[in-house]
Structures are given as C-alpha cells and as structure tokens.
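Remarks on the structure that follows.
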Amino acid sequence: MRPLRIGNASGFYGDRFDAMREMLTDGPLDVLTGDYLAELTMLILGRERLKDPGAGYARTFLRQLEECLGLAHDRGVRIVTNAGGLNPAGLADAVRRLADRLGIPARVAHVEGDDLGPNHPDALAAHAYLGGFGIAACLREGADIVVTGRVTDAALVTGPAAAHFGWGPGEYDRLAGAVVAGHVLECGTQATGGNYAFFHEGDVRRPGFPLAELHEDGTAVITKHPGTGGIVDVGTVTAQLLYETAGARYAGPDVTARLDTVRLTQEGPDRVRVTGVRGEAPPPTLKVGLNRLGGFRNEVAFVLTGLDIEAKAELVRRQMTDALAKSPPGEARWDLARTDHPDAPTEETASALLRLVVRDPDQTVVGRALSGAAVELALASYPGFHVLAPPGKGAPYGVFEEAYVPQGAVDHMAVLHDGRRIPVTPAHDTLVLQPVEEPLPSEPLPSEPLPPGLG
C-alpha cells in the first residue's frame, strides 16, 4: 500500500497565514492538517463566545480556506483541522456556506463530544482531549473536510492514518507510530528548524512546513516539500519529539506510545525515517482541560537608570506598597531585571527594569488605584523616574487546570456531511500508566588522543 502523505499548515492560532497555500502548491499531499488549539487559545475562544454564542472557532482558518478550498479540491487533498475549537459545528456550517458561495463541492463533517462544560459550570471552557477515531469515521464516510474541537494534537494524524489503512483500535504499534509522526508535525516548523538550538546548521529564515510519509506498518518518513527552507534531520526531529513530553510513556486516548522505542535514521537530505515505535493500551481516563477566569491583572514597568539601581528599586517598592496599603491587591510580584551595563555609553544600556505585576478578583483594585499610585510618583521618587508605558485599567487573566474522566464519560460523535451521526466507541482495553524503569547509564565514549599541541 502506498504511503499516506500528511502535511501540516499550522502549529498554533496565528501561525503563518500563507502556509496552507504553500503546502498545497509546493508538492503532493493526501491530507493537510492544521493545529490551531492550545490551552491559551481555548481561553481566548471562550471569551469570544461570551460576547457571541456563534463564535468560538478559529476564524483565521476560514480566511485561509477561502483562498485555498479550490486548490485542495483540484488536487484531491483532504483537510483535517481542530480549528473548530469550542464550536466545531458552527465552523463546519461556516465552511459549507463558504463552499456554496465559491461553487466548490465539499463534504464537510465534524467531530463533537469533547465539550464537558455542563459538568463544570464554573469554567469558561471544559473540554476532553479526544482521539482520532471520530476523524477516521468522517473520512471513511467520504468527508473532504473534517472539523474538530479539542482532540489531541496527534489525533489529526492518527485519524487519517486509521481511515486510510483500515487500522482498528487495538493495533497499538501502528497507532503509536502515527502518534509519533503526529507529534512531530503538530508544531509546524519546529520540526524543520524553527526554534532549534542548532539553527546555524541550515537556512531557517523561512522554514517550510513539515509532512510525513506514513506507511501501513506505522513507520514514517518526516520530510518537507522540495525547495522549501529549513532543515529536517535527526536533530530537528528529536528536538520536536521531546517537546512537551515527560517520560517514556506518551499517553493518548487511542494508544500510549513508548517514546523509548523510537528509532530515527537520516535517510537522505531532509528525510528522517521513524521506525520501531511500540504502543500499549491507552489509560482508562481522558484528560480534560479546564479554563476559567482567575481575576484581573495589571502591571507597571519602572525604568531605573544609572547608579544605585538596587536602592532606587527599594525606594519605589516602599512607595508603591504604602500607596496601595488601603486596598492591597491579592497578589503583587516585583521583578528586577538588571539589563544595565557598567560604564554604558547610552541611557538605554544604562537602564534596568523593575516590573510590578498585580492580580486581584476585583478589577478596581488593580485598575485606577494602581495607575494613579504609579503616575503620582513621577516627581516624587527616584531620579530619572519614568515607566515604559502608562499603566492600564487592568485586564482579565485565565487559569488552566486539568482533570480526568473515564474514557466512557464522553459522547464521542462523528457528524457527517449528510447529518448522520456515528458514535465512536471508547477504548475497550486500557492500561493504567506506570513509570518506566530508568535505563542503566551508557558506557562512556572511548577517549581519543588530543590533537598535537593540546596534550
């Protein structure tokens, strides 16, 4: 069976807008994915939904699709994205309206069941991380575009792979291989040289987005379209593989991938083969992301220039503490960043920054009270007093927490283009996560004689 070519065109909400067009025009693909969600994104979308119940999805995706839906249709590329955020049904409807307006036939399906908001009325958003089999069900029924809410990032790859190769829920090694490939792709250009410690080893001014050639046995080749920037080697893939992981077992709703079994081989220029991945039954619970409003925050950054930086910082700390004593904020944090240099040639390089960040459930406590107290010190504090920007009125901030529910506690559902609803059965076999025994230290590398003159 020929490999399945899956590309990625987004690693976060706000990623390079032209990536979707580039991935569709720079080389062949079977499936194009887009990852738009992070914990902070869910909070942002939750606040948007408070203002407009019809909102809650990544609007950037719609604008990209307006330019690229015809390209995807002409090239036979299916699109799978979690841009649905808090409202996958709403985004699916918006995509259908867009397709009708453009005169492009497109079967649009979506996945739902992740929203657990009714169980957490104090949360702005509460969503379980679903696996890839809802996506797979949509694709098997002929969907051209699949929109999801909160699924695991790797599910955007495991779903298409399971649909294409006919994998079932118990094929853990194959699924684990797809999870590893999906994890490498999910952050976009981080796999092709972006944010890479050894960025000087390649031209990373405009790295191309990654793609995976997935095989039926779960192995894969990580690469990118020919001629695009960046670099794909064992180092870049390793860096992304270890990103946001903790330990050898990488748990998900469909499978637990054993990262200590991954083998990476440089197959050629910008081609890294991934083999050997073993999988185990998934844990009996699903992770749930809870986003809630934590209160309001505000900040002031005082600029301290010249001599006696520590003394100036102590003076303004005492002055602000006294000014706010009548109604102190629930939390106040001071940080002094010594960005100043001795004998500096300019005022900027002779300056340090003293930052005050305050938080409180009451916006008035961190609003005008803080702003007024800071401004009133302009002629009554340390010499050279000024701040980076006038203090604002305070803004809401969010808090992310995680919880867990049994696999069967969600109604994982594939909703097809024709309105049919296909329930997705939760994992039948599960395995409670256990720590992996630490491997023995490897033998030290053989010593080599130093070059002449260095011995």
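We label chains A, B, ... in the order they appear in the structure tokens, count residues from 1 in each chain, and number ligands from 1 in the order shown.
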
Just want the 8 Å neighbourhood of Gly182 of chain A, counted on only C-alpha atoms, with same-chain residues fewer than 6 positions away dropped. Output as an MDAnalysis selection string. chainID A and resid 153:158

Please provide the set of residues having any atom within 9 Å of segment 399-410 of chain A, restricted to only C-alpha atoms, with same-chain residues fewer than 2 positions apart removed, written as a PyMOL selection string. chain A and resi 39-40+43+113-116+128+130+253+283-294+397+412+425-427

Shell of 7 Å around segment 31-36 of chain A, only C-alpha atoms, local chain residues under 6 positions omitted, as a list of chain:residue names: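 Final neighbour list, sorted by chain and number: A:Arg5, A:Ile6, A:Gly7, A:Asn8, A:Ala9, A:Ser10, A:Gly11, A:Phe12, A:Tyr13, A:Val77, A:Arg78, A:Ile79, A:Val80, A:Thr81, A:Asn82, A:Ala83, A:Asp153, A:Leu156, A:Glu186.
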
Contact table segment 336-426 of chain A vs segment 93-96 of chain A, cut-off 12 Å, shortest pair per residue, only C-alpha atoms, as a Markdown table:
| residue | atom | partner | partner_atom | distance |
| --- | --- | --- | --- | --- |
| A:Val415 | CA | A:Asp93 | CA | 11.7 |
| A:Leu416 | CA | A:Asp93 | CA | 11.7 |
| A:His417 | CA | A:Arg96 | CA | 9.2 |
| A:Asp418 | CA | A:Arg96 | CA | 11.6 |
| A:Gly419 | CA | A:Asp93 | CA | 11.5 |

Enumerate as a PyMOL selection string all residues of segment 46-214 of chain A assigned to alpha helix (DSSP H) by DSSP on the backbone, naming them with the chain letters and numbers the document uses. chain A and resi 46-51+59-75+88-102+133-140+155-165+172-185

Contacts of segment 104-112 of chain A at 7 Å (only C-alpha atoms; same-chain gap of 4+ positions) as a list in words: Gly70, Pro88, Ala89, Ala92, Arg96, Ala99, Asp100, Gly134, Ile135, Cys138, Ala143, Asp144, Ile145, Val146, Val147, Thr148, Gly149, His412, Met413, Ala414, Val415, Leu416 and His417 of chain A

Save the residues we just selected, N, CA and C atoms, as a compact mmCIF listing (two decimals), in the first residue's frame?
# COMPACT_ATOMS: atom_id res chain seq x y z
N GLY A 70 -10.44 25.82 -3.36
CA GLY A 70 -10.38 25.37 -4.75
C GLY A 70 -9.11 24.59 -5.04
N PRO A 88 -17.19 23.37 16.95
CA PRO A 88 -16.90 22.69 15.67
C PRO A 88 -18.11 22.65 14.73
N ALA A 89 -19.30 22.51 15.27
CA ALA A 89 -20.49 22.50 14.41
C ALA A 89 -20.66 23.86 13.73
N ALA A 92 -18.10 24.09 10.94
CA ALA A 92 -18.49 23.23 9.82
C ALA A 92 -19.58 23.90 8.99
N ARG A 96 -19.37 25.13 5.01
CA ARG A 96 -20.36 24.76 3.99
C ARG A 96 -20.87 26.01 3.26
N ALA A 99 -18.14 27.13 0.91
CA ALA A 99 -18.05 26.27 -0.27
C ALA A 99 -19.19 26.56 -1.25
N ASP A 100 -20.40 26.76 -0.73
CA ASP A 100 -21.54 27.09 -1.60
C ASP A 100 -21.32 28.43 -2.31
N GLY A 134 -12.91 9.41 15.72
CA GLY A 134 -14.01 10.21 15.19
C GLY A 134 -13.64 10.80 13.84
N ILE A 135 -12.41 11.30 13.73
CA ILE A 135 -11.90 11.80 12.44
C ILE A 135 -11.90 10.69 11.42
N CYS A 138 -15.34 10.00 9.97
CA CYS A 138 -15.75 11.03 9.00
C CYS A 138 -15.09 10.79 7.64
N ALA A 143 -15.83 12.29 3.83
CA ALA A 143 -15.67 13.72 4.10
C ALA A 143 -14.44 14.27 3.39
N ASP A 144 -14.56 15.46 2.84
CA ASP A 144 -13.42 16.18 2.27
C ASP A 144 -12.75 17.07 3.30
N ILE A 145 -13.55 17.59 4.21
CA ILE A 145 -13.04 18.45 5.29
C ILE A 145 -13.62 17.94 6.60
N VAL A 146 -12.74 17.77 7.59
CA VAL A 146 -13.17 17.34 8.92
C VAL A 146 -12.75 18.41 9.92
N VAL A 147 -13.73 18.91 10.65
CA VAL A 147 -13.50 19.94 11.67
C VAL A 147 -13.71 19.30 13.04
N THR A 148 -12.78 19.54 13.94
CA THR A 148 -12.92 19.01 15.30
C THR A 148 -12.82 20.15 16.30
N GLY A 149 -13.18 19.81 17.53
CA GLY A 149 -12.90 20.67 18.66
C GLY A 149 -11.61 20.20 19.30
N HIS A 412 -18.38 10.74 22.25
CA HIS A 412 -17.55 10.99 21.07
C HIS A 412 -18.37 10.67 19.82
N MET A 413 -18.57 11.66 18.94
CA MET A 413 -19.50 11.50 17.83
C MET A 413 -18.93 12.09 16.55
N ALA A 414 -19.01 11.30 15.47
CA ALA A 414 -18.70 11.80 14.13
C ALA A 414 -20.01 12.23 13.49
N VAL A 415 -20.11 13.52 13.11
CA VAL A 415 -21.31 14.07 12.49
C VAL A 415 -21.00 14.30 11.02
N LEU A 416 -21.67 13.54 10.14
CA LEU A 416 -21.31 13.52 8.73
C LEU A 416 -21.95 14.66 7.96
N HIS A 417 -21.50 14.82 6.72
CA HIS A 417 -21.98 15.90 5.87
C HIS A 417 -23.48 15.80 5.59

May I ask for the distance between atom CA of Leu336 of chain A and atom CA of Val316 of chain A, given in Å to one decimal place? 11.7 Å

Show which residues sit within 8 Å of segment 323-332 of chain A, as a list in words. Count only C-alpha atoms, and ignore same-chain residues fewer than 5 positions away.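 Contacts, in chain order: Leu356, Val357, Val358, Arg359, Asp360, Pro361, Val365, Val366, Ala369, Leu370 and Ala373 of chain A.
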
Could those selected residues go to a file with N, CA, C and O atoms, as a CSV table (one decimal), in the first residue's frame?
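And here is the file that came out, part16.csv:
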chain,number,residue,atom,x,y,z
A,356,LEU,N,6.3,45.6,38.3
A,356,LEU,CA,5.3,45.2,39.3
A,356,LEU,C,4.1,44.6,38.6
A,356,LEU,O,3.5,45.2,37.7
A,357,VAL,N,3.8,43.4,38.9
A,357,VAL,CA,2.6,42.7,38.4
A,357,VAL,C,1.6,42.4,39.6
A,357,VAL,O,2.0,41.9,40.6
A,358,VAL,N,0.4,42.9,39.4
A,358,VAL,CA,-0.6,42.7,40.5
A,358,VAL,C,-1.8,41.9,39.9
A,358,VAL,O,-2.2,42.0,38.8
A,359,ARG,N,-2.4,41.1,40.8
A,359,ARG,CA,-3.6,40.3,40.5
A,359,ARG,C,-4.6,40.4,41.6
A,359,ARG,O,-4.2,40.4,42.8
A,360,ASP,N,-5.9,40.5,41.2
A,360,ASP,CA,-7.0,40.5,42.2
A,360,ASP,C,-8.3,40.1,41.6
A,360,ASP,O,-8.5,40.4,40.4
A,361,PRO,N,-9.2,39.6,42.3
A,361,PRO,CA,-10.5,39.3,41.7
A,361,PRO,C,-11.3,40.5,41.4
A,361,PRO,O,-12.2,40.5,40.5
A,365,VAL,N,-9.4,47.2,42.1
A,365,VAL,CA,-8.2,47.1,42.9
A,365,VAL,C,-6.9,47.2,42.1
A,365,VAL,O,-5.9,47.8,42.5
A,366,VAL,N,-6.9,46.6,40.9
A,366,VAL,CA,-5.7,46.6,40.1
A,366,VAL,C,-5.8,47.6,38.9
A,366,VAL,O,-4.9,47.7,38.0
A,369,ALA,N,-6.5,52.5,40.8
A,369,ALA,CA,-5.8,52.6,42.0
A,369,ALA,C,-4.3,52.4,41.8
A,369,ALA,O,-3.4,53.2,42.3
A,370,LEU,N,-3.9,51.4,41.0
A,370,LEU,CA,-2.5,51.1,40.6
A,370,LEU,C,-2.0,52.2,39.7
A,370,LEU,O,-0.9,52.8,39.9
A,373,ALA,N,-1.4,55.5,41.6
A,373,ALA,CA,-0.3,55.5,42.5
A,373,ALA,C,1.0,55.6,41.8
A,373,ALA,O,2.0,56.2,42.2

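Reported to one decimal place, the separation of atom CA of Pro121 of chain A from atom CA of Thr41 of chain A is 19.3 Å.
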
Excluding Pro28 of chain A and residues on its chain fewer than 3 positions from it, collect all residues at most 9 Å away from it, counting only C-alpha atoms, and give them as a ChimeraX atom specification. /A:5,23-25,75,77,225

Go ahead and save the residues from that selection, with C-alpha atoms, as a compact mmCIF listing (two decimals), in the first residue's frame.
# COMPACT_ATOMS: atom_id res chain seq x y z
CA ARG A 5 1.37 11.89 2.69
CA MET A 23 1.63 23.27 1.39
CA LEU A 24 -0.98 22.78 -1.34
CA THR A 25 1.15 24.20 -4.16
CA ARG A 75 -5.55 18.41 -6.00
CA VAL A 77 -6.33 16.92 -0.75
CA HIS A 225 8.38 19.85 0.22

For atom CA of Gly372 of chain A and atom CA of Pro390 of chain A, the interatomic separation in Å (one decimal):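 Between these atoms lies a distance of 9.9 Å.
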
Which neighbours of segment 337-352 of chain A fall inside 8 Å, counting only C-alpha atoms, when residues of the same chain fewer than 5 positions from it are skipped, and could you give them as a PDB file with C-alpha atoms, in the first residue's frame?
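The file below, result.pdb, is the result:
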ATOM      1  CA  VAL A 303      12.889  52.264  34.267  1.00  0.00           C
ATOM      2  CA  LEU A 304      15.868  52.718  36.605  1.00  0.00           C
ATOM      3  CA  THR A 305      18.908  54.411  35.078  1.00  0.00           C
ATOM      4  CA  GLY A 306      22.478  54.983  36.219  1.00  0.00           C
ATOM      5  CA  ILE A 309      19.875  50.635  40.945  1.00  0.00           C
TER       6      ILE A 309
END

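The set of residues in segment 200-276 of chain A assigned to strand (DSSP E or B) by DSSP, using only backbone atoms of this structure, is Pro207, Pro210, Leu211, Ala212, Glu213, Leu214, Ala220, Val221, Ile222, Thr223, Lys224, Gly229, Arg249, Tyr250, Ala251, Thr256, Ala257, Arg258, Arg263, Leu264, Thr265, Gln266, Glu267, Gly268, Arg271, Val272, Arg273, Val274 and Thr275 of chain A.
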
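The nearest approach to Leu65 of chain A among the residues A:Ala251, A:Leu98, A:Leu307, A:Ala301, with only C-alpha atoms taken into account, belongs to A:Leu98.
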
Smallest atom-to-atom distance to His428 of chain A: which of A:Gly170, A:Ala178, A:Glu216, A:Glu48, using only C-alpha atoms?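 Among the listed residues, the smallest separation from His428 of chain A belongs to A:Gly170.
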